[in-house]
Structures are given as structure tokens and as C-alpha cells.
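Below: the structure, in C-alpha cells.
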Amino acid sequence: MNSPKRQQRSQSKLFINQICYLLISFNVGISSITSLATNYLFKDKFKINPATTTQILFITNLPWLLKPILGIITDFIPICGYRRKVYLILTGVINSMCWVLMSYFTNSIANVTFLLTVVNATLSMSTVIGQATVVELSKEKGSDSKNLISLYSFFKFVGVLCSSFFKGFLVEKFSIRVVFVVASILPLVLFVSGLM
């Protein structure tokens, strides 16, 4: 029979995991806050037409096709004994660094394409981790699994709504560089959730 202390620890771990996957889903939603600034960067600075911009964005979004492989990596290649925690911390830090670099080193299309590809790779990996956490929690909670999936989707769309509301405002009131600096702060949510 489980002792009350063990049950309390289990409940605490469950609660922390729930907070973690909600932070991940919110971050995935709000990550599109830079899309308008990126389009302006291509249009105004590099004078690229919409067709070429679409081709570049296709390349930068290729890491989303690697989600199954990223899931296998996080499940079967632990770092320092952790399967997901360290990956979350790394994705948060790398994503943040990429946006800082985007703020100051957008001197070539190749640089921007590479940085946006890395950003999408880190977002793809954090999404895999968030979805895996939902699956694990639904196994532990049993009948509440539908609620977990709904909560994950809800927080993601709250992030999308915040992003939709603020991206136009930020581009209008500030420079593109400021938008990228703001974007560099947001992935720290992944860093924090990895520390939990």
C-alpha cells in the first residue's frame, strides 16, 4: 500500500508535469509572434519577392517533418540520465540564442535561413516533448486524458491569440530588431519548464 508521503510526491510530480506541458504548449503558440517581422525583413531589407520568401520559409519549416525522429531521440538517447528535461533546457537556450543572433546578424539570407531553421527545429523538439508528456500523464490519470489534450490545445491557442494580437503592434511601434529581442525572451519558458 502506498504511503501518504509517496502519494503526495506522486501528486506533486503530476502537477509539475502538467505545468510543464502547459508552458510548452503556450510557447509553441506564441512562437509565431515573429512571423510578421520576418516577412518585413525579407521584403524590406533583402527585397525578396513573395515567391522566394515562400521557398525560404519552406526550407526553414522542414524540421517539423522530423518530429518522429526527434521523438525517438528524446526517448532513447538520455542526456545526464534525463530523457526530456535536458532537451527542454537546451531547446529553450538555443531558441533564445537564435533570436538574439537574428536581432544583430541578419546580414545575409543564408544566416537568416539557418537561424530560422534552427528555431523551428527547437520548437519541433519541444512540441514532441510536450505531446509525449501529455501521453504519459493521460496514462497516469486514466479517464482525464481528454481534459489533458484539451488543456494542451487551449494553452497553445491562447499563445496563438497573444501572438496574433501583439505581432502587428510590435512591428508597428518598434523595429524588427526589437521584435526579435522580445522573441528571444519567450523561449526561456522552455528553459524554466525544463528546470521543473
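By order in the C-alpha cells, chains are A, B, ...; within a chain, residues start at 1; ligands start at 1, following the order shown.
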
Contacts of region 7-55 of chain A with region 114-129 of chain A up to 8 Å, shortest pair per row, only C-alpha atoms, as JSON lines:
```
{"residue": "A:Ile24", "atom": "CA", "partner": "A:Ser126", "partner_atom": "CA", "distance": 6.7}
{"residue": "A:Ser25", "atom": "CA", "partner": "A:Thr127", "partner_atom": "CA", "distance": 7.1}
{"residue": "A:Val28", "atom": "CA", "partner": "A:Leu123", "partner_atom": "CA", "distance": 6.6}
```

Residue list (helix (DSSP H, G or I), DSSP) for region 20-122 of chain A, as a PyMOL selection string: chain A and resi 20-45+50-60+62-76+85-104+109-122

Which neighbours of Ile94 (chain A) fall inside 9 Å, counting only C-alpha atoms, when residues of the same chain fewer than 3 positions from it are skipped, and could you give them as a ChimeraX atom specification? /A:89-91,97-99,118-119,122,187

With N, CA, C and O atoms kept, could you save the residues just selected as a PDB file, in the first residue's frame?
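After the write, selection_30.pdb holds the following:
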```pdb
ATOM      1  N   ILE A  89      15.655  22.156 -21.699  1.00  0.00           N
ATOM      2  CA  ILE A  89      16.561  23.251 -21.340  1.00  0.00           C
ATOM      3  C   ILE A  89      17.372  23.680 -22.564  1.00  0.00           C
ATOM      4  O   ILE A  89      17.483  24.873 -22.860  1.00  0.00           O
ATOM      5  N   LEU A  90      17.904  22.702 -23.294  1.00  0.00           N
ATOM      6  CA  LEU A  90      18.704  23.018 -24.487  1.00  0.00           C
ATOM      7  C   LEU A  90      17.871  23.721 -25.567  1.00  0.00           C
ATOM      8  O   LEU A  90      18.340  24.687 -26.177  1.00  0.00           O
ATOM      9  N   THR A  91      16.657  23.236 -25.800  1.00  0.00           N
ATOM     10  CA  THR A  91      15.821  23.874 -26.828  1.00  0.00           C
ATOM     11  C   THR A  91      15.503  25.316 -26.454  1.00  0.00           C
ATOM     12  O   THR A  91      15.521  26.198 -27.316  1.00  0.00           O
ATOM     13  N   MET A  97      18.964  31.983 -28.098  1.00  0.00           N
ATOM     14  CA  MET A  97      20.204  32.468 -28.719  1.00  0.00           C
ATOM     15  C   MET A  97      19.993  32.776 -30.207  1.00  0.00           C
ATOM     16  O   MET A  97      20.537  33.762 -30.723  1.00  0.00           O
ATOM     17  N   CYS A  98      19.208  31.953 -30.883  1.00  0.00           N
ATOM     18  CA  CYS A  98      18.948  32.192 -32.302  1.00  0.00           C
ATOM     19  C   CYS A  98      18.233  33.523 -32.524  1.00  0.00           C
ATOM     20  O   CYS A  98      18.557  34.259 -33.453  1.00  0.00           O
ATOM     21  N   TRP A  99      17.268  33.843 -31.650  1.00  0.00           N
ATOM     22  CA  TRP A  99      16.561  35.114 -31.811  1.00  0.00           C
ATOM     23  C   TRP A  99      17.462  36.296 -31.489  1.00  0.00           C
ATOM     24  O   TRP A  99      17.360  37.353 -32.121  1.00  0.00           O
ATOM     25  N   VAL A 118      16.965  26.476 -37.363  1.00  0.00           N
ATOM     26  CA  VAL A 118      17.299  26.008 -36.008  1.00  0.00           C
ATOM     27  C   VAL A 118      16.168  26.327 -35.038  1.00  0.00           C
ATOM     28  O   VAL A 118      15.802  25.499 -34.187  1.00  0.00           O
ATOM     29  N   VAL A 119      15.575  27.513 -35.159  1.00  0.00           N
ATOM     30  CA  VAL A 119      14.431  27.878 -34.309  1.00  0.00           C
ATOM     31  C   VAL A 119      13.306  26.868 -34.480  1.00  0.00           C
ATOM     32  O   VAL A 119      12.728  26.379 -33.497  1.00  0.00           O
ATOM     33  N   THR A 122      14.116  23.535 -32.809  1.00  0.00           N
ATOM     34  CA  THR A 122      13.938  23.537 -31.349  1.00  0.00           C
ATOM     35  C   THR A 122      12.456  23.545 -30.976  1.00  0.00           C
ATOM     36  O   THR A 122      12.054  22.871 -30.027  1.00  0.00           O
ATOM     37  N   PRO A 187      11.347  31.931 -25.383  1.00  0.00           N
ATOM     38  CA  PRO A 187      11.755  30.521 -25.235  1.00  0.00           C
ATOM     39  C   PRO A 187      12.314  30.187 -23.851  1.00  0.00           C
ATOM     40  O   PRO A 187      12.478  29.012 -23.523  1.00  0.00           O
TER      41      PRO A 187
END
```

Do a neighbour search on Val178 (chain A) at 12 Å with only C-alpha atoms, toss out local chain neighbours closer than 4 positions, and write the hits as a PyMOL selection string. chain A and resi 33-34+37-38+99-100+102-104+167+169-174+182-185

With only C-alpha atoms as the atoms that count, which of A:Lys43, A:Lys156, A:Arg83, A:Arg177 lies nearest to Asn27 (chain A)?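 The shortest atom-to-atom distance to Asn27 (chain A) comes from A:Lys156.
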
Looking at A:Phe180, A:Val134, A:Thr106, A:Arg84, which one is nearest to Ile72 (chain A), with distances taken over only C-alpha atoms?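 Using only C-alpha atoms, the shortest distance to Ile72 (chain A) belongs to A:Arg84.
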
Tell me which protein, DNA and RNA residues are within 9 Å of Leu148 (chain A), counting only C-alpha atoms, leaving out same-chain ones fewer than 6 positions away, and put them as an mmCIF file with all heavy atoms, in the first residue's frame.
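As written to disk, part33.cif reads:
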```
data_model
loop_
_atom_site.group_PDB
_atom_site.id
_atom_site.type_symbol
_atom_site.label_atom_id
_atom_site.label_comp_id
_atom_site.auth_asym_id
_atom_site.auth_seq_id
_atom_site.Cartn_x
_atom_site.Cartn_y
_atom_site.Cartn_z
ATOM 1 N N GLN A 18 2.181 18.743 -15.393
ATOM 2 C CA GLN A 18 1.089 19.456 -16.047
ATOM 3 C C GLN A 18 1.479 20.903 -16.342
ATOM 4 O O GLN A 18 1.245 21.399 -17.448
ATOM 5 C CB GLN A 18 -0.169 19.433 -15.172
ATOM 6 C CG GLN A 18 -0.896 18.111 -15.221
ATOM 7 C CD GLN A 18 -2.128 18.132 -14.352
ATOM 8 O OE1 GLN A 18 -2.077 18.500 -13.179
ATOM 9 N NE2 GLN A 18 -3.250 17.743 -14.920
ATOM 10 N N VAL A 134 1.988 14.761 -22.383
ATOM 11 C CA VAL A 134 0.533 14.594 -22.353
ATOM 12 C C VAL A 134 0.170 13.113 -22.375
ATOM 13 O O VAL A 134 -0.688 12.655 -21.622
ATOM 14 C CB VAL A 134 -0.137 15.336 -23.537
ATOM 15 C CG1 VAL A 134 -1.598 14.960 -23.659
ATOM 16 C CG2 VAL A 134 0.002 16.827 -23.379
ATOM 17 N N VAL A 135 0.848 12.345 -23.238
ATOM 18 C CA VAL A 135 0.573 10.899 -23.332
ATOM 19 C C VAL A 135 0.878 10.215 -21.997
ATOM 20 O O VAL A 135 0.081 9.413 -21.511
ATOM 21 C CB VAL A 135 1.380 10.265 -24.486
ATOM 22 C CG1 VAL A 135 1.303 8.750 -24.443
ATOM 23 C CG2 VAL A 135 0.894 10.787 -25.820
ATOM 24 N N LEU A 137 1.006 11.564 -18.972
ATOM 25 C CA LEU A 137 0.056 11.994 -17.952
ATOM 26 C C LEU A 137 -1.302 11.344 -18.146
ATOM 27 O O LEU A 137 -1.972 10.986 -17.177
ATOM 28 C CB LEU A 137 -0.094 13.520 -17.972
ATOM 29 C CG LEU A 137 1.076 14.323 -17.428
ATOM 30 C CD1 LEU A 137 0.865 15.805 -17.677
ATOM 31 C CD2 LEU A 137 1.263 14.068 -15.942
ATOM 32 N N SER A 138 -1.715 11.156 -19.401
ATOM 33 C CA SER A 138 -3.011 10.531 -19.645
ATOM 34 C C SER A 138 -3.003 9.065 -19.225
ATOM 35 O O SER A 138 -4.014 8.526 -18.790
ATOM 36 C CB SER A 138 -3.430 10.681 -21.103
ATOM 37 O OG SER A 138 -2.515 10.051 -21.951
#
```
